[in-house]
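Source file model_1.csv; content: CSV, C-alpha atoms.
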```csv
chain,number,residue,atom,x,y,z
A,1436,MET,CA,20.2,-3.9,-52.5
A,1437,THR,CA,21.8,-3.9,-49.0
A,1438,GLN,CA,20.4,-7.4,-48.4
A,1439,LEU,CA,21.4,-8.8,-51.8
A,1440,ALA,CA,24.9,-7.4,-51.4
A,1441,ARG,CA,25.5,-9.7,-48.5
A,1442,ARG,CA,25.5,-12.6,-51.0
A,1443,HIS,CA,26.1,-11.1,-54.4
A,1444,ASP,CA,28.1,-8.4,-56.2
A,1445,LEU,CA,26.1,-5.4,-57.2
A,1446,THR,CA,26.9,-2.5,-59.6
A,1447,ALA,CA,24.7,0.5,-59.7
A,1448,VAL,CA,24.2,2.9,-62.7
A,1449,MET,CA,21.8,5.6,-61.9
A,1450,LEU,CA,20.6,9.1,-62.7
A,1451,VAL,CA,20.8,11.6,-59.9
A,1452,ASP,CA,18.7,14.8,-59.7
A,1453,ASP,CA,20.5,18.0,-58.7
A,1454,GLU,CA,18.7,18.1,-55.3
A,1455,PHE,CA,21.1,15.4,-54.1
A,1456,ASP,CA,24.8,15.6,-53.3
A,1457,ILE,CA,26.2,13.2,-55.9
A,1458,GLU,CA,29.4,12.4,-53.9
A,1459,GLU,CA,27.4,11.8,-50.7
A,1460,CYS,CA,25.2,9.4,-52.6
A,1461,ARG,CA,28.2,7.7,-54.1
A,1462,ARG,CA,29.9,7.2,-50.7
A,1463,ALA,CA,26.7,5.8,-49.2
A,1464,MET,CA,26.1,3.3,-52.0
A,1465,GLN,CA,29.7,2.2,-52.1
A,1466,ALA,CA,29.0,0.5,-48.7
A,1467,TYR,CA,27.0,-2.1,-50.5
A,1468,CYS,CA,27.9,-1.8,-54.3
A,1469,ARG,CA,31.0,-3.1,-55.9
A,1470,ASP,CA,30.9,-0.2,-58.4
A,1471,VAL,CA,28.7,3.0,-58.4
A,1472,VAL,CA,28.2,5.1,-61.5
A,1473,LEU,CA,26.1,8.2,-61.0
A,1474,ILE,CA,25.1,10.6,-63.8
A,1475,PRO,CA,23.6,14.0,-63.1
A,1476,ASN,CA,20.2,14.7,-64.5
A,1477,LEU,CA,19.0,18.3,-64.9
A,1478,LEU,CA,16.1,17.6,-67.2
A,1479,GLY,CA,12.7,18.8,-66.3
A,1480,ARG,CA,12.8,18.4,-62.6
A,1481,ASP,CA,10.8,21.4,-61.6
A,1482,GLY,CA,9.8,25.0,-62.5
A,1483,LEU,CA,10.3,26.3,-66.0
A,1484,SER,CA,12.5,23.4,-67.0
A,1485,LYS,CA,9.7,21.0,-66.3
A,1486,ARG,CA,7.0,23.1,-68.1
A,1487,LEU,CA,9.2,23.4,-71.2
A,1488,LEU,CA,9.8,19.6,-71.3
A,1489,GLN,CA,6.1,19.0,-70.8
A,1490,LEU,CA,5.4,21.3,-73.8
A,1491,ARG,CA,8.0,19.4,-75.8
A,1492,SER,CA,6.4,16.1,-74.9
A,1493,LEU,CA,3.0,17.2,-76.3
A,1494,ALA,CA,4.6,17.5,-79.7
A,1495,SER,CA,6.6,14.2,-79.3
A,1496,THR,CA,5.7,10.6,-79.7
A,1497,ARG,CA,7.4,10.0,-76.4
A,1498,SER,CA,5.9,10.5,-72.9
A,1499,PHE,CA,7.2,13.2,-70.6
A,1500,GLU,CA,8.5,10.5,-68.3
A,1501,ARG,CA,10.7,9.0,-71.0
A,1502,LEU,CA,11.9,12.4,-72.2
A,1503,ARG,CA,12.7,13.3,-68.6
A,1504,VAL,CA,15.4,10.6,-68.4
A,1505,ARG,CA,16.9,10.8,-72.0
A,1506,VAL,CA,20.4,11.6,-70.8
A,1507,PRO,CA,23.0,10.5,-73.4
A,1508,ALA,CA,25.6,10.1,-70.7
A,1509,LEU,CA,23.5,7.3,-69.1
A,1510,GLN,CA,23.6,5.1,-72.2
A,1511,GLN,CA,27.4,5.8,-72.5
A,1512,ALA,CA,27.9,4.7,-68.9
A,1513,LEU,CA,25.8,1.5,-69.5
A,1514,ASP,CA,27.8,0.7,-72.6
A,1515,ARG,CA,31.0,1.0,-70.7
A,1516,VAL,CA,29.9,-1.0,-67.7
A,1517,LEU,CA,28.0,-3.8,-69.5
A,1518,ARG,CA,30.7,-4.3,-72.2
A,1519,SER,CA,33.5,-4.6,-69.6
A,1520,THR,CA,31.9,-7.0,-67.0
A,1521,PRO,CA,29.6,-10.0,-67.4
A,1522,PHE,CA,26.4,-9.7,-65.5
A,1523,ASP,CA,23.7,-12.3,-64.8
A,1524,ILE,CA,20.9,-9.8,-64.2
A,1525,VAL,CA,20.1,-6.2,-65.1
A,1526,ASN,CA,17.5,-5.0,-62.7
A,1527,LEU,CA,15.7,-2.1,-64.2
A,1528,GLU,CA,14.1,0.4,-61.8
A,1529,PHE,CA,11.1,2.1,-63.6
A,1530,SER,CA,9.9,1.3,-67.1
A,1531,PHE,CA,10.8,4.8,-68.2
A,1532,LEU,CA,14.4,3.6,-69.0
A,1533,GLY,CA,13.2,0.6,-70.9
A,1534,ASP,CA,14.4,2.0,-74.3
A,1535,ARG,CA,18.1,1.7,-73.2
A,1536,ASN,CA,20.3,-1.0,-74.6
A,1537,LEU,CA,20.6,-3.2,-71.5
A,1538,ARG,CA,21.3,-6.6,-73.1
A,1539,GLN,CA,25.1,-6.1,-73.6
A,1540,ALA,CA,28.0,-8.2,-72.5
A,1541,PRO,CA,31.8,-8.5,-73.1
A,1542,PRO,CA,32.7,-10.4,-76.3
A,1543,GLY,CA,32.1,-14.1,-75.9
A,1544,ASP,CA,29.8,-13.7,-72.8
A,1545,ARG,CA,26.1,-14.1,-72.7
A,1546,PRO,CA,24.0,-11.0,-72.3
A,1547,PRO,CA,22.3,-10.6,-68.9
A,1548,ALA,CA,18.6,-11.3,-68.2
A,1549,LEU,CA,16.4,-8.2,-67.9
A,1550,VAL,CA,14.2,-7.9,-64.8
A,1551,VAL,CA,11.9,-4.9,-64.3
A,1552,ASP,CA,10.9,-3.5,-60.9
A,1553,SER,CA,7.4,-2.1,-61.5
A,1554,HIS,CA,6.9,0.4,-58.6
A,1555,ASN,CA,3.5,1.2,-60.1
A,1556,ILE,CA,1.6,0.5,-63.3
A,1557,ASP,CA,2.7,4.1,-64.3
A,1558,TYR,CA,0.4,4.6,-67.2
A,1559,ASP,CA,-2.6,3.6,-65.0
A,1560,LEU,CA,-1.5,6.2,-62.5
A,1561,ALA,CA,-1.2,8.8,-65.3
A,1562,ARG,CA,-4.7,7.9,-66.4
A,1563,GLN,CA,-5.9,8.6,-62.9
A,1564,TYR,CA,-4.3,12.0,-63.2
A,1565,ALA,CA,-6.5,12.6,-66.3
A,1566,ARG,CA,-9.5,12.5,-64.0
A,1567,ALA,CA,-8.2,14.7,-61.2
A,1568,GLY,CA,-6.7,18.1,-60.6
A,1569,SER,CA,-7.0,21.2,-62.7
A,1570,LEU,CA,-8.3,21.3,-66.3
A,1571,ALA,CA,-4.8,21.9,-67.7
A,1572,ARG,CA,-3.5,18.9,-65.7
A,1573,ARG,CA,-6.4,16.7,-66.9
A,1574,LEU,CA,-5.9,17.6,-70.5
A,1575,TYR,CA,-2.1,17.1,-70.4
A,1576,ALA,CA,-2.4,13.8,-68.6
A,1577,GLY,CA,-5.1,12.7,-71.1
A,1578,ALA,CA,-2.6,13.1,-73.9
A,1579,ASN,CA,0.4,11.7,-72.0
A,1580,TRP,CA,-0.9,8.5,-70.5
A,1581,ARG,CA,-1.4,6.8,-73.8
A,1582,LYS,CA,2.2,7.3,-74.8
A,1583,LEU,CA,3.3,6.1,-71.5
A,1584,ARG,CA,1.1,3.0,-71.8
A,1585,ARG,CA,2.7,2.1,-75.2
A,1586,GLU,CA,6.3,2.5,-73.8
A,1587,GLU,CA,5.6,0.8,-70.5
A,1588,LEU,CA,3.9,-2.3,-71.9
A,1589,GLY,CA,6.7,-2.5,-74.5
A,1590,THR,CA,9.3,-2.6,-71.7
A,1591,TYR,CA,7.3,-5.3,-69.9
A,1592,ARG,CA,7.0,-7.4,-73.1
A,1593,ASP,CA,10.8,-7.2,-73.6
A,1594,ALA,CA,11.7,-8.3,-70.0
A,1595,ASP,CA,12.5,-11.8,-68.8
A,1596,GLY,CA,10.6,-11.0,-65.6
A,1597,VAL,CA,8.6,-8.2,-63.9
A,1598,TYR,CA,8.1,-7.9,-60.2
A,1599,LEU,CA,5.3,-5.8,-58.8
A,1600,CYS,CA,4.2,-4.4,-55.5
A,1601,SER,CA,0.6,-5.7,-55.4
A,1602,VAL,CA,-1.7,-8.4,-56.8
A,1603,ALA,CA,-3.9,-5.7,-58.3
A,1604,ASP,CA,-1.0,-4.3,-60.3
A,1605,GLN,CA,0.0,-7.8,-61.3
A,1606,GLN,CA,-3.4,-8.4,-62.7
A,1607,ARG,CA,-3.4,-5.0,-64.5
A,1608,LEU,CA,-0.2,-6.0,-66.2
A,1609,LEU,CA,-1.3,-9.6,-67.1
A,1610,ASP,CA,-4.5,-8.2,-68.6
A,1611,HIS,CA,-2.3,-6.5,-71.3
A,1612,VAL,CA,0.8,-8.7,-71.4
A,1613,PRO,CA,-0.5,-12.2,-70.5
A,1614,GLY,CA,2.8,-14.1,-71.3
A,1615,VAL,CA,5.1,-12.1,-69.0
A,1616,ARG,CA,6.7,-13.8,-66.0
A,1617,THR,CA,5.6,-11.9,-62.9
A,1618,LEU,CA,6.0,-12.0,-59.1
A,1619,VAL,CA,4.5,-9.9,-56.4
A,1620,ILE,CA,7.0,-8.5,-53.9
A,1621,PRO,CA,5.3,-5.9,-51.7
A,1622,ASN,CA,7.2,-2.8,-50.7
A,1623,ALA,CA,9.2,-3.4,-47.5
A,1624,ALA,CA,10.8,-1.4,-44.7
A,1625,ASP,CA,14.0,-1.6,-42.8
A,1626,VAL,CA,12.4,-3.0,-39.7
A,1627,GLU,CA,15.8,-2.8,-37.9
A,1628,TYR,CA,15.9,1.0,-38.5
A,1629,TYR,CA,12.2,1.7,-38.2
A,1630,HIS,CA,11.2,0.4,-34.8
A,1631,PRO,CA,10.0,1.8,-31.4
A,1632,ARG,CA,13.0,3.0,-29.4
A,1633,ALA,CA,13.2,3.8,-25.7
A,1634,THR,CA,14.9,7.1,-26.6
A,1635,ASP,CA,12.0,8.3,-28.8
A,1636,PRO,CA,9.3,10.6,-27.4
A,1637,PRO,CA,6.1,8.9,-26.4
A,1638,PRO,CA,2.8,9.5,-28.3
A,1639,ASP,CA,1.5,12.9,-27.2
A,1640,GLY,CA,-2.1,12.0,-27.7
A,1641,ARG,CA,-2.9,14.8,-30.1
A,1642,THR,CA,-0.5,14.8,-33.1
A,1643,VAL,CA,-1.6,13.3,-36.4
A,1644,VAL,CA,1.1,12.8,-39.0
A,1645,PHE,CA,1.1,12.6,-42.8
A,1646,PHE,CA,4.5,12.1,-44.5
A,1647,GLY,CA,5.6,11.7,-48.1
A,1648,LEU,CA,7.2,13.5,-51.0
A,1649,LEU,CA,5.0,16.5,-51.5
A,1650,SER,CA,5.8,17.1,-55.2
A,1651,TYR,CA,4.1,13.8,-56.0
A,1652,PHE,CA,0.6,14.5,-57.2
A,1653,PRO,CA,-1.2,11.7,-55.4
A,1654,ASN,CA,0.3,13.1,-52.1
A,1655,VAL,CA,-0.7,16.7,-53.1
A,1656,ASP,CA,-4.2,15.5,-53.7
A,1657,ALA,CA,-4.3,13.5,-50.4
A,1658,VAL,CA,-3.0,16.5,-48.3
A,1659,THR,CA,-5.4,18.9,-49.9
A,1660,HIS,CA,-8.3,16.5,-49.3
A,1661,LEU,CA,-7.1,15.9,-45.7
A,1662,VAL,CA,-6.8,19.6,-44.8
A,1663,GLN,CA,-10.0,20.8,-46.5
A,1664,GLU,CA,-12.4,17.9,-46.0
A,1665,ILE,CA,-11.2,15.7,-43.1
A,1666,TRP,CA,-9.3,17.9,-40.7
A,1667,PRO,CA,-12.2,20.2,-39.8
A,1668,ARG,CA,-14.2,17.2,-38.5
A,1669,ILE,CA,-11.2,16.2,-36.3
A,1670,ALA,CA,-10.5,19.7,-35.0
A,1671,GLU,CA,-14.1,20.1,-34.1
A,1672,LEU,CA,-14.0,17.2,-31.6
A,1673,HIS,CA,-10.4,17.6,-30.6
A,1674,PRO,CA,-9.5,21.3,-30.7
A,1675,ASN,CA,-6.1,20.7,-29.3
A,1676,ALA,CA,-5.2,18.2,-32.0
A,1677,ARG,CA,-2.5,19.2,-34.5
A,1678,LEU,CA,-1.7,18.0,-38.0
A,1679,LYS,CA,1.9,17.6,-38.9
A,1680,ILE,CA,2.6,17.2,-42.6
A,1681,ILE,CA,6.2,16.0,-43.3
A,1682,GLY,CA,7.8,16.0,-46.7
A,1683,GLY,CA,10.0,18.0,-49.1
A,1684,GLN,CA,9.2,20.0,-52.3
A,1685,ALA,CA,5.7,21.1,-51.3
A,1686,PRO,CA,4.1,23.4,-53.9
A,1687,ARG,CA,2.8,26.8,-52.9
A,1688,SER,CA,-0.7,25.5,-53.2
A,1689,LEU,CA,-0.1,23.1,-50.3
A,1690,LEU,CA,1.9,25.6,-48.2
A,1691,ALA,CA,-1.0,28.0,-48.5
A,1692,LEU,CA,-3.1,25.4,-46.5
A,1693,ALA,CA,-1.0,26.0,-43.3
A,1694,GLN,CA,-3.1,27.3,-40.4
A,1695,PRO,CA,-3.3,27.1,-36.7
A,1696,GLY,CA,-3.1,23.4,-35.9
A,1697,VAL,CA,-1.8,22.5,-39.4
A,1698,GLU,CA,2.0,22.5,-39.8
A,1699,PHE,CA,4.2,21.8,-42.8
A,1700,THR,CA,7.6,20.8,-41.5
A,1701,GLY,CA,9.4,20.3,-44.9
A,1702,PHE,CA,12.0,17.5,-45.2
A,1703,VAL,CA,13.2,16.0,-42.0
A,1704,PRO,CA,16.5,13.9,-41.8
A,1705,ASP,CA,15.0,11.4,-39.4
A,1706,LEU,CA,11.3,10.5,-39.4
A,1707,ARG,CA,11.4,8.3,-36.4
A,1708,PRO,CA,11.0,10.8,-33.6
A,1709,HIS,CA,8.1,12.5,-35.5
A,1710,LEU,CA,6.4,9.1,-36.0
A,1711,ALA,CA,7.0,8.1,-32.4
A,1712,GLU,CA,5.2,11.1,-30.9
A,1713,ALA,CA,2.2,10.8,-33.3
A,1714,ALA,CA,-1.1,9.5,-31.9
A,1715,ALA,CA,-1.9,8.4,-35.4
A,1716,VAL,CA,-0.5,8.3,-39.0
A,1717,VAL,CA,-2.9,9.1,-41.8
A,1718,VAL,CA,-2.8,7.9,-45.5
A,1719,PRO,CA,-5.9,9.6,-47.1
A,1720,LEU,CA,-4.8,8.7,-50.7
A,1721,ARG,CA,-7.3,8.8,-53.5
A,1722,LEU,CA,-4.9,8.2,-56.4
A,1723,GLY,CA,-2.0,5.8,-56.8
A,1724,GLY,CA,-0.9,2.3,-57.4
A,1725,GLY,CA,1.6,-0.3,-56.0
A,1726,THR,CA,1.8,-0.3,-52.2
A,1727,ARG,CA,2.7,2.6,-49.9
A,1728,LEU,CA,6.1,2.7,-48.3
A,1729,LYS,CA,4.6,5.2,-45.8
A,1730,ILE,CA,2.3,2.5,-44.5
A,1731,VAL,CA,4.9,-0.2,-44.0
A,1732,GLU,CA,7.4,2.2,-42.4
A,1733,ALA,CA,4.7,3.5,-40.0
A,1734,MET,CA,3.7,-0.1,-39.2
A,1735,ALA,CA,7.3,-0.9,-38.5
A,1736,MET,CA,7.3,2.0,-36.0
A,1737,GLY,CA,4.4,0.5,-34.2
A,1738,LYS,CA,2.0,3.3,-35.2
A,1739,ALA,CA,-1.8,3.2,-35.5
A,1740,ILE,CA,-2.7,4.1,-39.1
A,1741,VAL,CA,-5.9,5.4,-40.7
A,1742,SER,CA,-5.9,4.8,-44.5
A,1743,THR,CA,-8.3,4.8,-47.4
A,1744,THR,CA,-8.9,1.5,-49.1
A,1745,LEU,CA,-6.7,2.6,-52.0
A,1746,GLY,CA,-4.0,3.7,-49.6
A,1747,ALA,CA,-3.8,0.3,-48.0
A,1748,GLU,CA,-4.1,-1.6,-51.3
A,1749,GLY,CA,-1.7,-4.5,-51.5
A,1750,ILE,CA,-1.0,-4.5,-47.7
A,1751,GLU,CA,-2.1,-7.7,-46.0
A,1752,ALA,CA,-3.5,-5.8,-43.0
A,1753,VAL,CA,-6.7,-6.6,-41.3
A,1754,PRO,CA,-8.9,-3.5,-40.7
A,1755,GLY,CA,-9.6,-3.1,-37.1
A,1756,ARG,CA,-6.6,-5.2,-36.1
A,1757,ASP,CA,-3.6,-3.8,-38.0
A,1758,LEU,CA,-5.0,-0.4,-39.1
A,1759,LEU,CA,-8.3,1.5,-39.5
A,1760,VAL,CA,-9.9,2.2,-42.9
A,1761,GLY,CA,-12.2,5.0,-44.0
A,1762,ASP,CA,-12.9,6.2,-47.5
A,1763,GLN,CA,-15.4,9.1,-47.0
A,1764,PRO,CA,-14.3,12.2,-45.1
A,1765,ALA,CA,-16.7,11.5,-42.2
A,1766,ALA,CA,-15.6,7.9,-41.8
A,1767,PHE,CA,-11.9,8.8,-42.1
A,1768,ALA,CA,-12.3,11.5,-39.5
A,1769,ASP,CA,-14.3,9.2,-37.2
A,1770,ALA,CA,-11.4,6.7,-37.3
A,1771,VAL,CA,-8.8,9.3,-36.4
A,1772,ASN,CA,-11.0,10.7,-33.6
A,1773,ARG,CA,-11.3,7.2,-32.2
A,1774,LEU,CA,-7.5,6.9,-32.0
A,1775,LEU,CA,-7.2,10.3,-30.4
A,1776,ALA,CA,-9.9,9.4,-27.8
A,1777,GLU,CA,-8.7,5.9,-27.1
A,1778,PRO,CA,-4.9,5.7,-26.7
A,1779,ASN,CA,-5.1,2.1,-25.6
A,1780,LEU,CA,-6.8,1.2,-29.0
A,1781,ALA,CA,-4.0,3.1,-30.8
A,1782,ALA,CA,-1.3,1.2,-28.9
A,1783,ARG,CA,-3.0,-2.2,-29.6
A,1784,ILE,CA,-3.3,-1.5,-33.3
A,1785,GLY,CA,0.3,-0.2,-33.4
A,1786,GLN,CA,1.6,-3.4,-31.8
A,1787,SER,CA,-0.2,-5.6,-34.2
A,1788,ALA,CA,1.0,-3.5,-37.1
A,1789,ARG,CA,4.6,-3.8,-36.0
A,1790,GLN,CA,4.3,-7.6,-35.7
A,1791,LEU,CA,2.9,-7.7,-39.3
A,1792,ALA,CA,5.7,-5.5,-40.6
A,1793,VAL,CA,8.4,-7.8,-39.1
A,1794,GLN,CA,6.7,-10.9,-40.3
A,1795,ARG,CA,5.7,-9.8,-43.9
A,1796,TYR,CA,7.3,-6.5,-44.8
A,1797,ALA,CA,11.0,-6.7,-43.8
A,1798,TRP,CA,13.8,-6.0,-46.3
A,1799,SER,CA,15.3,-9.4,-45.7
A,1800,GLY,CA,12.1,-11.2,-46.7
A,1801,ALA,CA,11.7,-9.1,-49.8
A,1802,ALA,CA,15.3,-9.7,-50.9
A,1803,ARG,CA,14.9,-13.5,-50.5
A,1804,GLU,CA,11.8,-13.5,-52.7
A,1805,LEU,CA,13.6,-11.4,-55.3
A,1806,GLU,CA,16.7,-13.7,-55.2
A,1807,SER,CA,14.4,-16.7,-55.8
A,1808,PHE,CA,12.8,-14.9,-58.7
A,1809,TYR,CA,16.2,-14.2,-60.3
A,1810,ARG,CA,17.2,-17.9,-59.9
A,1811,GLU,CA,13.9,-19.0,-61.5
A,1812,ILE,CA,14.6,-16.7,-64.5
A,1813,LEU,CA,18.2,-17.8,-64.9
A,1814,ASP,CA,17.3,-21.4,-64.6
A,1815,GLY,CA,14.6,-20.9,-67.2
A,1816,SER,CA,17.3,-19.5,-69.5
A,1817,SER,CA,19.4,-22.7,-68.9
A,1818,ARG,CA,21.8,-20.6,-66.9
A,1819,GLN,CA,22.8,-21.3,-63.3
A,1820,MET,CA,23.2,-18.4,-60.9
A,1821,PRO,CA,26.7,-18.5,-59.4
A,1822,SER,CA,27.2,-17.9,-55.7
A,1823,GLN,CA,28.8,-14.5,-56.4
A,1824,PRO,CA,27.2,-13.1,-59.6
A,1825,GLY,CA,28.1,-9.8,-61.2
```
Once more with this new file: its structure as structure tokens, please.
Amino acid sequence: MTQLARRHDLTAVMLVDDEFDIEECRRAMQAYCRDVVLIPNLLGRDGLSKRLLQLRSLASTRSFERLRVRVPALQQALDRVLRSTPFDIVNLEFSFLGDRNLRQAPPGDRPPALVVDSHNIDYDLARQYARAGSLARRLYAGANWRKLRREELGTYRDADGVYLCSVADQQRLLDHVPGVRTLVIPNAADVEYYHPRATDPPPDGRTVVFFGLLSYFPNVDAVTHLVQEIWPRIAELHPNARLKIIGGQAPRSLLALAQPGVEFTGFVPDLRPHLAEAAAVVVPLRLGGGTRLKIVEAMAMGKAIVSTTLGAEGIEAVPGRDLLVGDQPAAFADAVNRLLAEPNLAARIGQSARQLAVQRYAWSGAARELESFYREILDGSSRQMPSQPG
């Protein structure tokens, strides 16, 4: 959005969870948006509220994800914005909102084209949940993912275009909706923000970092697997090593894994110093889709990364040059142990990763690809994209 705003006029209409300061969000977004409309969402975020909404979804034809965002004020805001200003494109983040009336325009104007940003094939991710975790989670996910599939594929069918993070996700979509116009735009990083700085602490030779939102189930599974199955193999060879797990909203089940040498920091306002001092960044994901922001941000920081094959899916990195890959606990631990024992190897991989991030995964490049996709869609609709669209 910050890149597109340099050439186009953007309006944002978004739901905001209560963990965020809505006015702080508004002020930040007004730096690059012509208009910002933020609507509080208190539905089913965590705790009892989430459990009650999940129970409700079991008796509903709608998925939990769709019920989670059914806030009447959002459609009211969309009606007001879309009927008062002509737009060329509505860019929909997440298919969960695909049942909203988005093709609206002022009287006499043509409705906007609808383009969907598919962060993941979400029903496929939910289907993975049905094979992992507790029995209750598996049973619930088994009932929920089929509803999510119907809703998500319906959103894709209705769209003028869908852009995805990986070729694998693109193929998953095209297998079910073969006629949809698609483009792969990998997740990108702000390489001007995430970069090695002279003021950052140097790598300390012993710290291994995992970072990500710790309420996200693939991250919960990854951290549990890391601490229980992988870390003992690392600590055995490197008793001075420490594991730093960075991220907010960790459930009690994760916090209970803290031990000497394993630290949960919670949310940190600036990741860069923590990444800078790390000897390695680890991405032991076993569930998920799309591409991992944590990988491209760590690459931009010039860090040596150890990932599973799934964790690195969609990233055009060469194993052994840009990162190391290990799928089994022993292989993953061996790769981390190599980086701890060979700082020159870690530095060499980190330098190659930084170069790849700048060349392939910068925000500026992603924005150019998206802009071209918009133009292709508008040209296909016999419409020309003006130099300053709404």
Any idea what's packed within 10 Å of Val1525 in chain A, counting all atoms listed in the file, ignoring anything in its chain fewer than 3 positions away? Could you give it as number ranges by chain?
A: 1445-1447, 1517, 1522, 1528, 1537-1539, 1546-1551, 1594, 1825
Using only C-alpha atoms, please write the residues we just selected to a file, as a PDB file, in the coordinates of the input.
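Generated file (part.pdb):
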```
ATOM      1  CA  LEU A1445      26.100  -5.400 -57.200  1.00  0.00           C
ATOM      2  CA  THR A1446      26.900  -2.500 -59.600  1.00  0.00           C
ATOM      3  CA  ALA A1447      24.700   0.500 -59.700  1.00  0.00           C
ATOM      4  CA  LEU A1517      28.000  -3.800 -69.500  1.00  0.00           C
ATOM      5  CA  PHE A1522      26.400  -9.700 -65.500  1.00  0.00           C
ATOM      6  CA  GLU A1528      14.100   0.400 -61.800  1.00  0.00           C
ATOM      7  CA  LEU A1537      20.600  -3.200 -71.500  1.00  0.00           C
ATOM      8  CA  ARG A1538      21.300  -6.600 -73.100  1.00  0.00           C
ATOM      9  CA  GLN A1539      25.100  -6.100 -73.600  1.00  0.00           C
ATOM     10  CA  PRO A1546      24.000 -11.000 -72.300  1.00  0.00           C
ATOM     11  CA  PRO A1547      22.300 -10.600 -68.900  1.00  0.00           C
ATOM     12  CA  ALA A1548      18.600 -11.300 -68.200  1.00  0.00           C
ATOM     13  CA  LEU A1549      16.400  -8.200 -67.900  1.00  0.00           C
ATOM     14  CA  VAL A1550      14.200  -7.900 -64.800  1.00  0.00           C
ATOM     15  CA  VAL A1551      11.900  -4.900 -64.300  1.00  0.00           C
ATOM     16  CA  ALA A1594      11.700  -8.300 -70.000  1.00  0.00           C
ATOM     17  CA  GLY A1825      28.100  -9.800 -61.200  1.00  0.00           C
TER      18      GLY A1825
END
```
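Counting from CA of Gly1543 in chain A, the distance to CA of Asn1526 in chain A is 21.7 Å.
If you look at CA of Leu1513 in chain A and CA of Arg1810 in chain A, they are 23.3 Å away from each other.
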Atom pair CA of Leu1493 in chain A / CA of Arg1573 in chain A: separation (Å)
13.3 Å
Counting all atoms listed in the file, the residue of A:Leu1689, A:Leu1661, A:Ile1784, A:Ala1792 that sits nearest Ala1765 in chain A
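Checking each candidate against Ala1765 in chain A, we get A:Leu1661 as the closest.
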Tell me, as a ChimeraX atom specification, which residues lie within 7 Å of Met1449 in chain A, counting all atoms listed in the file; anything in the same chain fewer than 2 positions away does not count.
/A:1447,1451,1472-1474
Can I get the selection written as a JSON list (two decimals), keeping the file's coordinate frame, with C-alpha atoms?
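Done, and the output landed in again_16.json:
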```
[["chain", "number", "residue", "atom", "x", "y", "z"],
["A", 1447, "ALA", "CA", 24.70, 0.50, -59.70],
["A", 1451, "VAL", "CA", 20.80, 11.60, -59.90],
["A", 1472, "VAL", "CA", 28.20, 5.10, -61.50],
["A", 1473, "LEU", "CA", 26.10, 8.20, -61.00],
["A", 1474, "ILE", "CA", 25.10, 10.60, -63.80]]
```
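Nearest-residue note for Ile1750 in chain A: choosing from A:Val1602, A:Ala1657, A:Leu1588, A:Leu1450, the minimum distance belongs to A:Val1602, counting only C-alpha atoms.
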Would you please work out which residue, of A:Leu1805, A:Leu1720, A:Ala1714, A:Leu1490, is nearest to Glu1777 in chain A when using all atoms listed in the file?
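The shortest atom-to-atom distance to Glu1777 in chain A comes from A:Ala1714.
The shortest atom-to-atom distance to Asn1675 in chain A, with only C-alpha atoms taken into account, belongs to A:Thr1642 out of A:Thr1744, A:Gln1694, A:Thr1642, A:Thr1700.
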Tell me which protein, DNA and RNA residues are within 12 Å of Asp1635 in chain A, counting all atoms listed in the file, leaving out same-chain ones fewer than 3 positions away, and put them as an NGL selection string.
:A and (1629-1632 or 1638-1639 or 1705-1713 or 1736)
